[in-house]
$ cat work.txt   # compact mmCIF, C-alpha atoms
# COMPACT_ATOMS: atom_id res chain seq x y z
CA LEU I 1 -83.07 164.80 58.23
CA VAL I 2 -81.67 161.47 59.39
CA SER I 3 -79.61 159.94 62.18
CA PRO I 4 -76.98 157.16 62.07
CA ASP I 5 -79.82 154.72 62.79
CA ASN I 6 -81.19 155.51 59.32
CA VAL I 7 -78.00 154.48 57.50
CA MET I 8 -76.40 151.19 56.53
CA ALA I 9 -72.94 151.20 54.92
CA SER I 10 -72.34 148.38 52.46
CA GLY I 11 -69.87 146.81 50.08
CA GLY I 12 -71.10 148.91 47.18
CA ALA I 13 -74.50 150.23 46.18
CA LYS I 14 -75.44 146.94 44.51
CA GLN I 15 -75.18 145.12 47.82
CA ALA I 16 -77.33 147.77 49.49
CA ILE I 17 -80.02 147.28 46.84
CA MET I 18 -79.90 143.51 47.23
CA CYS I 19 -80.22 143.74 51.01
CA ALA I 20 -83.19 146.08 50.59
CA LEU I 21 -84.94 143.71 48.18
CA GLN I 22 -84.32 140.71 50.43
CA ALA I 23 -85.72 142.64 53.37
CA ILE I 24 -88.99 143.74 51.76
CA LEU I 25 -89.95 141.14 49.15
CA ASN I 26 -91.94 137.92 49.40
CA PRO I 27 -92.47 135.36 46.62
CA GLN I 28 -94.74 136.66 43.83
CA ASP I 29 -94.40 140.28 44.93
CA GLU I 30 -93.93 142.59 41.94
CA VAL I 31 -91.34 145.33 41.51
CA ILE I 32 -91.87 148.00 38.85
CA PHE I 33 -88.97 149.92 37.29
CA PRO I 34 -88.79 152.14 34.19
CA ALA I 35 -87.03 150.91 31.05
CA PRO I 36 -84.26 151.16 30.09
CA TYR I 37 -82.97 149.86 33.39
CA TRP I 38 -79.79 148.70 35.05
CA VAL I 39 -79.12 145.16 33.83
CA SER I 40 -79.08 143.66 37.34
CA TYR I 41 -82.55 144.85 38.41
CA PRO I 42 -84.62 141.95 37.01
CA GLU I 43 -82.26 139.23 38.21
CA MET I 44 -81.96 140.72 41.70
CA VAL I 45 -85.75 140.77 41.99
CA LYS I 46 -85.98 137.18 40.73
CA MET I 47 -83.41 136.04 43.29
CA CYS I 48 -85.91 137.10 45.96
CA GLY I 49 -88.66 134.99 44.39
CA ALA I 50 -90.41 138.14 43.21
CA VAL I 51 -91.47 139.31 39.75
CA PRO I 52 -89.73 142.13 37.84
CA VAL I 53 -92.08 144.43 35.92
CA PRO I 54 -90.26 146.68 33.43
CA ALA I 55 -92.18 149.83 32.49
CA LYS I 56 -91.29 150.99 28.99
CA PRO I 57 -92.47 154.55 28.32
CA MET I 58 -95.51 154.53 26.05
CA ASP I 59 -94.04 157.27 23.87
CA GLY I 60 -91.01 155.11 23.04
CA GLY I 61 -88.59 157.52 24.69
CA TYR I 62 -86.31 157.34 27.69
CA VAL I 63 -88.32 159.43 30.17
CA PRO I 64 -91.35 157.80 31.80
CA ASN I 65 -94.47 159.48 33.10
CA ILE I 66 -96.61 158.40 36.02
CA ALA I 67 -99.09 156.60 33.74
CA ASP I 68 -96.29 154.28 32.59
CA ILE I 69 -96.00 153.17 36.22
CA THR I 70 -99.64 153.06 37.32
CA MET I 71 -100.82 151.03 34.31
CA ARG I 72 -98.50 148.21 35.41
CA MET I 73 -99.56 148.17 39.05
CA SER I 74 -101.48 145.21 40.47
CA SER I 75 -102.50 143.81 43.81
CA ASN I 76 -99.05 142.18 43.96
CA THR I 77 -97.07 145.38 43.49
CA LYS I 78 -94.71 145.79 46.44
CA ALA I 79 -92.12 148.30 45.30
CA ILE I 80 -91.02 150.75 42.62
CA MET I 81 -87.37 151.25 41.70
CA ILE I 82 -86.22 154.55 40.20
CA ASN I 83 -82.71 155.42 39.03
CA SER I 84 -82.23 159.09 38.07
CA PRO I 85 -80.08 160.15 36.34
CA ASN I 86 -80.78 156.85 34.67
CA ASN I 87 -78.31 154.07 33.99
CA PRO I 88 -77.98 153.28 31.07
CA SER I 89 -79.77 156.11 29.21
CA GLY I 90 -78.41 159.06 31.20
CA ALA I 91 -81.89 160.62 31.24
CA ILE I 92 -82.67 162.91 34.15
CA TYR I 93 -86.25 162.30 35.21
CA PRO I 94 -88.34 165.49 35.61
CA GLU I 95 -89.09 166.81 39.07
CA LYS I 96 -92.81 166.39 38.37
CA PHE I 97 -92.37 162.66 37.73
CA ILE I 98 -90.24 162.11 40.86
CA LYS I 99 -92.78 163.94 43.02
CA GLU I 100 -95.64 161.94 41.49
CA VAL I 101 -93.87 158.62 42.12
CA VAL I 102 -93.11 159.57 45.73
CA ALA I 103 -96.74 160.62 46.28
CA LEU I 104 -98.01 157.43 44.64
CA CYS I 105 -95.88 155.20 46.86
CA GLU I 106 -96.92 157.09 49.98
CA LYS I 107 -100.60 156.85 49.03
CA GLU I 108 -100.49 153.14 48.12
CA GLY I 109 -98.07 152.06 50.85
CA LEU I 110 -95.43 150.90 48.38
CA TYR I 111 -91.69 150.79 48.92
CA LEU I 112 -89.71 153.21 46.77
CA ILE I 113 -86.07 152.36 46.10
CA MET I 114 -84.28 155.43 44.73
CA GLY I 115 -80.90 154.91 43.07
CA ASP I 116 -79.18 158.24 43.67
CA LEU I 117 -75.66 157.37 42.53
CA TYR I 118 -75.41 159.93 39.74
CA ASN I 119 -77.09 162.83 41.52
CA ARG I 120 -74.07 165.16 41.49
CA LEU I 121 -72.84 164.59 37.96
CA ASP I 122 -73.21 167.77 35.91
CA ASP I 123 -75.19 167.37 32.69
CA GLY I 124 -75.19 170.87 31.29
CA GLY I 125 -76.64 172.39 34.42
CA LYS I 126 -79.77 170.20 34.46
CA ARG I 127 -81.19 169.90 37.95
CA VAL I 128 -81.49 166.47 39.56
CA THR I 129 -84.46 166.20 41.90
CA ASN I 130 -83.66 165.20 45.47
CA PRO I 131 -86.17 162.43 46.31
CA ILE I 132 -85.77 162.99 50.04
CA ALA I 133 -87.09 166.54 49.66
CA CYS I 134 -90.25 165.14 48.04
CA ALA I 135 -91.09 162.76 50.90
CA ALA I 136 -93.59 163.68 53.57
CA ASP I 137 -91.94 161.75 56.38
CA PHE I 138 -88.49 160.60 55.23
CA GLY I 139 -86.56 158.74 57.91
CA SER I 140 -89.57 158.10 60.15
CA ASP I 141 -90.55 154.59 61.20
CA ASP I 142 -93.40 154.59 58.68
CA CYS I 143 -91.46 155.87 55.67
CA LYS I 144 -90.99 153.31 52.89
CA MET I 145 -88.47 155.23 50.79
CA ILE I 146 -84.99 153.69 50.51
CA VAL I 147 -82.26 155.89 49.04
CA ILE I 148 -79.21 154.10 47.65
CA ASN I 149 -75.88 155.81 47.02
CA GLY I 150 -72.16 155.13 46.80
CA VAL I 151 -68.76 156.56 45.91
CA SER I 152 -68.07 154.75 42.64
CA LYS I 153 -69.81 157.20 40.28
CA VAL I 154 -69.73 160.73 41.72
CA TYR I 155 -66.29 160.32 43.31
CA ALA I 156 -64.88 157.97 40.62
CA MET I 157 -63.86 155.49 43.35
CA THR I 158 -65.09 152.33 41.63
CA GLY I 159 -62.61 149.91 43.17
CA PHE I 160 -63.40 150.85 46.76
CA ARG I 161 -66.85 149.16 46.71
CA ILE I 162 -68.41 151.53 49.22
CA GLY I 163 -72.12 152.21 49.21
CA TRP I 164 -74.89 152.99 51.64
CA ALA I 165 -78.64 152.88 52.08
CA VAL I 166 -80.76 155.43 53.93
CA ALA I 167 -84.17 154.30 55.16
CA ASN I 168 -86.32 154.00 58.26
CA PRO I 169 -84.50 152.55 61.30
CA LYS I 170 -86.53 149.34 61.47
CA LEU I 171 -85.80 148.50 57.85
CA ILE I 172 -82.13 149.41 58.26
CA ASP I 173 -81.93 146.97 61.19
CA VAL I 174 -83.33 144.15 59.03
CA MET I 175 -81.06 145.02 56.11
CA SER I 176 -78.05 145.09 58.42
CA ILE I 177 -78.88 141.62 59.73
CA ILE I 178 -79.12 140.32 56.16
CA GLN I 179 -75.83 141.96 55.25
CA SER I 180 -74.14 140.42 58.29
CA MET I 181 -74.98 137.00 56.82
CA LEU I 182 -73.43 137.96 53.46
CA MET I 183 -70.20 139.63 54.53
CA LEU I 184 -67.71 138.13 56.96
CA LEU I 185 -65.04 140.81 56.78
CA VAL I 186 -64.78 144.31 55.38
CA MET I 187 -61.65 146.24 54.57
CA TYR I 188 -60.35 148.98 56.83
CA LEU I 189 -61.85 151.73 54.70
CA MET I 190 -65.28 150.15 54.97
CA MET I 191 -64.94 149.85 58.74
CA SER I 192 -64.19 153.56 58.81
CA VAL I 193 -67.44 154.18 56.95
CA PHE I 194 -69.39 152.15 59.49
CA GLY I 195 -67.93 154.31 62.24
CA MET I 196 -68.80 157.56 60.47
CA ARG I 197 -72.22 156.89 58.95
CA ARG I 198 -73.49 160.41 59.58
CA ILE I 199 -70.79 161.86 57.33
CA ALA I 200 -71.94 159.69 54.44
CA VAL I 201 -75.30 161.45 54.60
CA SER I 202 -73.94 164.97 55.07
CA GLY I 203 -71.99 164.93 51.82
CA ASP I 204 -68.58 165.34 53.46
CA PHE I 205 -67.76 161.66 53.04
CA LEU I 206 -64.89 162.06 50.59
CA LEU I 207 -63.23 164.68 52.77
CA TYR I 208 -63.38 162.28 55.70
CA VAL I 209 -61.94 159.41 53.69
CA MET I 210 -59.03 161.47 52.41
CA SER I 211 -58.16 163.04 55.75
CA GLY I 212 -58.89 160.13 58.09
CA VAL I 213 -57.50 157.20 56.15
CA PHE I 214 -54.93 158.33 53.62
CA MET I 215 -53.24 161.14 55.58
$ encode --input "work.txt" --output "structure tokens"
Amino acid sequence: LVSPDNVMASGGAKQAIMCALQAILNPQDEVIFPAPYWVSYPEMVKMCGAVPVPAKPMDGGYVPNIADITMRMSSNTKAIMINSPNNPSGAIYPEKFIKEVVALCEKEGLYLIMGDLYNRLDDGGKRVTNPIACAADFGSDDCKMIVINGVSKVYAMTGFRIGWAVANPKLIDVMSIIQSMLMLLVMYLMMSVFGMRRIAVSGDFLLYVMSGVFM
């Protein structure tokens, strides 16, 4: 699906999200995200001079539908942020909703930032929708989906601060430039990730870390 040019390794998923927001947002742009949401989302958006737009489900529950998103769209909407399974609620968003959000962003030309950090955690066998599989042109120069992941949740490696973003090559180039202004030095493990970006996407990342660094 993707090549190393589609991937940026980072000092944790939070840094990858921040680099993505800094790369795509201008002052007064609006970013929509379902509520409840990760506590950092609004402040990260504000730091870019943009406007956070929480979307609380109309039914008062934890699972949004597409109307909860579209009713909050405006001419200033630049991006939608989705985190499923959700932090903090733990809700797994239905496949129908994920597909509708992907289709909406493709139709309207919006960026879609997908937080995929909990995608392999087992919640009674409930299926987590792969957003990449829903995209028409993921990884191409015109694709505006950004998938964020890391090792802290699925692999319980919180202290390692290793994350990555997968997006179109042009956007990854811009994000990498921004990150180079934020980080002066990375630890050896992180440098190993930069050298093996393809493995991070294939799912064999942990195996590489254990065999290539600790053995």
$ residues_near_point --input "work.txt" --point "(-93.9, 146.6, 46.4)" --cutoff "10 Å" --atoms "all atoms listed in the file" --output "ChimeraX atom specification"
/I:21,24-26,29-32,50,73-81,105,108-113,144
$ write_last_selection --input "work.txt" --atoms "C-alpha atoms" --output "short mmCIF file (atom, residue, chain, number, x, y, z; two decimals), in the frame of the given file"
data_model
loop_
_atom_site.label_atom_id
_atom_site.label_comp_id
_atom_site.auth_asym_id
_atom_site.auth_seq_id
_atom_site.Cartn_x
_atom_site.Cartn_y
_atom_site.Cartn_z
CA LEU I 21 -84.94 143.71 48.18
CA ILE I 24 -88.99 143.74 51.76
CA LEU I 25 -89.95 141.14 49.15
CA ASN I 26 -91.94 137.92 49.40
CA ASP I 29 -94.40 140.28 44.93
CA GLU I 30 -93.93 142.59 41.94
CA VAL I 31 -91.34 145.33 41.51
CA ILE I 32 -91.87 148.00 38.85
CA ALA I 50 -90.41 138.14 43.21
CA MET I 73 -99.56 148.17 39.05
CA SER I 74 -101.48 145.21 40.47
CA SER I 75 -102.50 143.81 43.81
CA ASN I 76 -99.05 142.18 43.96
CA THR I 77 -97.07 145.38 43.49
CA LYS I 78 -94.71 145.79 46.44
CA ALA I 79 -92.12 148.30 45.30
CA ILE I 80 -91.02 150.75 42.62
CA MET I 81 -87.37 151.25 41.70
CA CYS I 105 -95.88 155.20 46.86
CA GLU I 108 -100.49 153.14 48.12
CA GLY I 109 -98.07 152.06 50.85
CA LEU I 110 -95.43 150.90 48.38
CA TYR I 111 -91.69 150.79 48.92
CA LEU I 112 -89.71 153.21 46.77
CA ILE I 113 -86.07 152.36 46.10
CA LYS I 144 -90.99 153.31 52.89
#
$ closest_residue --input "work.txt" --among "I:Asp59, I:Glu100, I:Asp5, I:Glu43" --to "Met18 of chain I" --atoms "only C-alpha atoms"
I:Glu43
$ closest_residue --input "work.txt" --among "I:Gly125, I:Gly11, I:Pro88, I:Pro64" --to "Trp38 of chain I" --atoms "all atoms listed in the file"
I:Pro88
$ atom_distance --input "work.txt" --atom1 "atom CA of Tyr37 of chain I" --atom2 "atom CA of Phe97 of chain I"
16.5 Å
$ closest_residue --input "work.txt" --among "I:Ala165, I:Val154, I:Met181, I:Ala20" --to "Arg120 of chain I" --atoms "only C-alpha atoms"
I:Val154
$ atom_distance --input "work.txt" --atom1 "atom CA of Ile178 of chain I" --atom2 "atom CA of Pro52 of chain I"
21.2 Å
$ atom_distance --input "work.txt" --atom1 "atom CA of Val151 of chain I" --atom2 "atom CA of Pro36 of chain I"
22.8 Å
$ build_atoms --input "work.txt" --residues "segment 153-183 of chain I" --atoms "N, CA and C atoms" --output "compact mmCIF listing (two decimals), in the coordinates of the input"
# COMPACT_ATOMS: atom_id res chain seq x y z
N LYS I 153 -69.48 156.35 41.43
CA LYS I 153 -69.81 157.20 40.28
C LYS I 153 -69.39 158.65 40.51
N VAL I 154 -69.98 159.30 41.49
CA VAL I 154 -69.73 160.73 41.72
C VAL I 154 -68.27 161.00 42.08
N TYR I 155 -67.67 160.11 42.88
CA TYR I 155 -66.29 160.32 43.31
C TYR I 155 -65.28 159.50 42.50
N ALA I 156 -65.75 158.78 41.48
CA ALA I 156 -64.88 157.97 40.62
C ALA I 156 -64.01 157.02 41.44
N MET I 157 -64.59 156.41 42.47
CA MET I 157 -63.86 155.49 43.35
C MET I 157 -64.44 154.08 43.17
N THR I 158 -64.41 153.59 41.94
CA THR I 158 -65.09 152.33 41.63
C THR I 158 -64.52 151.13 42.37
N GLY I 159 -63.22 151.09 42.56
CA GLY I 159 -62.61 149.91 43.17
C GLY I 159 -62.79 149.81 44.66
N PHE I 160 -63.29 150.86 45.30
CA PHE I 160 -63.40 150.85 46.76
C PHE I 160 -64.63 150.08 47.24
N ARG I 161 -65.62 149.91 46.38
CA ARG I 161 -66.85 149.16 46.71
C ARG I 161 -67.46 149.66 48.01
N ILE I 162 -67.78 150.92 48.05
CA ILE I 162 -68.41 151.53 49.22
C ILE I 162 -69.75 152.12 48.80
N GLY I 163 -70.79 151.68 49.47
CA GLY I 163 -72.12 152.21 49.21
C GLY I 163 -72.86 152.38 50.52
N TRP I 164 -74.08 152.89 50.43
CA TRP I 164 -74.89 152.99 51.64
C TRP I 164 -76.36 153.09 51.27
N ALA I 165 -77.19 152.75 52.22
CA ALA I 165 -78.64 152.88 52.08
C ALA I 165 -79.14 153.76 53.22
N VAL I 166 -80.13 154.59 52.92
CA VAL I 166 -80.76 155.43 53.93
C VAL I 166 -82.25 155.11 53.92
N ALA I 167 -82.77 154.72 55.08
CA ALA I 167 -84.17 154.30 55.16
C ALA I 167 -84.63 154.41 56.62
N ASN I 168 -85.84 153.93 56.88
CA ASN I 168 -86.32 154.00 58.26
C ASN I 168 -85.53 153.03 59.14
N PRO I 169 -85.38 153.34 60.42
CA PRO I 169 -84.50 152.55 61.30
C PRO I 169 -84.85 151.06 61.38
N LYS I 170 -86.13 150.74 61.38
CA LYS I 170 -86.53 149.34 61.47
C LYS I 170 -86.06 148.56 60.24
N LEU I 171 -86.23 149.16 59.08
CA LEU I 171 -85.80 148.50 57.85
C LEU I 171 -84.28 148.40 57.80
N ILE I 172 -83.59 149.44 58.23
CA ILE I 172 -82.13 149.41 58.26
C ILE I 172 -81.64 148.29 59.17
N ASP I 173 -82.31 148.07 60.28
CA ASP I 173 -81.93 146.97 61.19
C ASP I 173 -82.03 145.63 60.47
N VAL I 174 -83.13 145.42 59.75
CA VAL I 174 -83.33 144.15 59.03
C VAL I 174 -82.28 144.00 57.93
N MET I 175 -82.06 145.07 57.18
CA MET I 175 -81.06 145.02 56.11
C MET I 175 -79.67 144.73 56.66
N SER I 176 -79.36 145.29 57.81
CA SER I 176 -78.05 145.09 58.42
C SER I 176 -77.87 143.64 58.86
N ILE I 177 -78.94 143.03 59.35
CA ILE I 177 -78.88 141.62 59.73
C ILE I 177 -78.62 140.76 58.49
N ILE I 178 -79.33 141.06 57.41
CA ILE I 178 -79.12 140.32 56.16
C ILE I 178 -77.68 140.48 55.69
N GLN I 179 -77.19 141.71 55.71
CA GLN I 179 -75.83 141.96 55.25
C GLN I 179 -74.81 141.22 56.12
N SER I 180 -75.08 141.11 57.41
CA SER I 180 -74.14 140.42 58.29
C SER I 180 -74.02 138.94 57.95
N MET I 181 -75.04 138.39 57.26
CA MET I 181 -74.98 137.00 56.82
C MET I 181 -74.24 136.86 55.49
N LEU I 182 -74.06 137.98 54.78
CA LEU I 182 -73.43 137.96 53.46
C LEU I 182 -71.96 138.33 53.50
N MET I 183 -71.58 139.15 54.46
CA MET I 183 -70.20 139.63 54.53
C MET I 183 -69.57 139.20 55.85
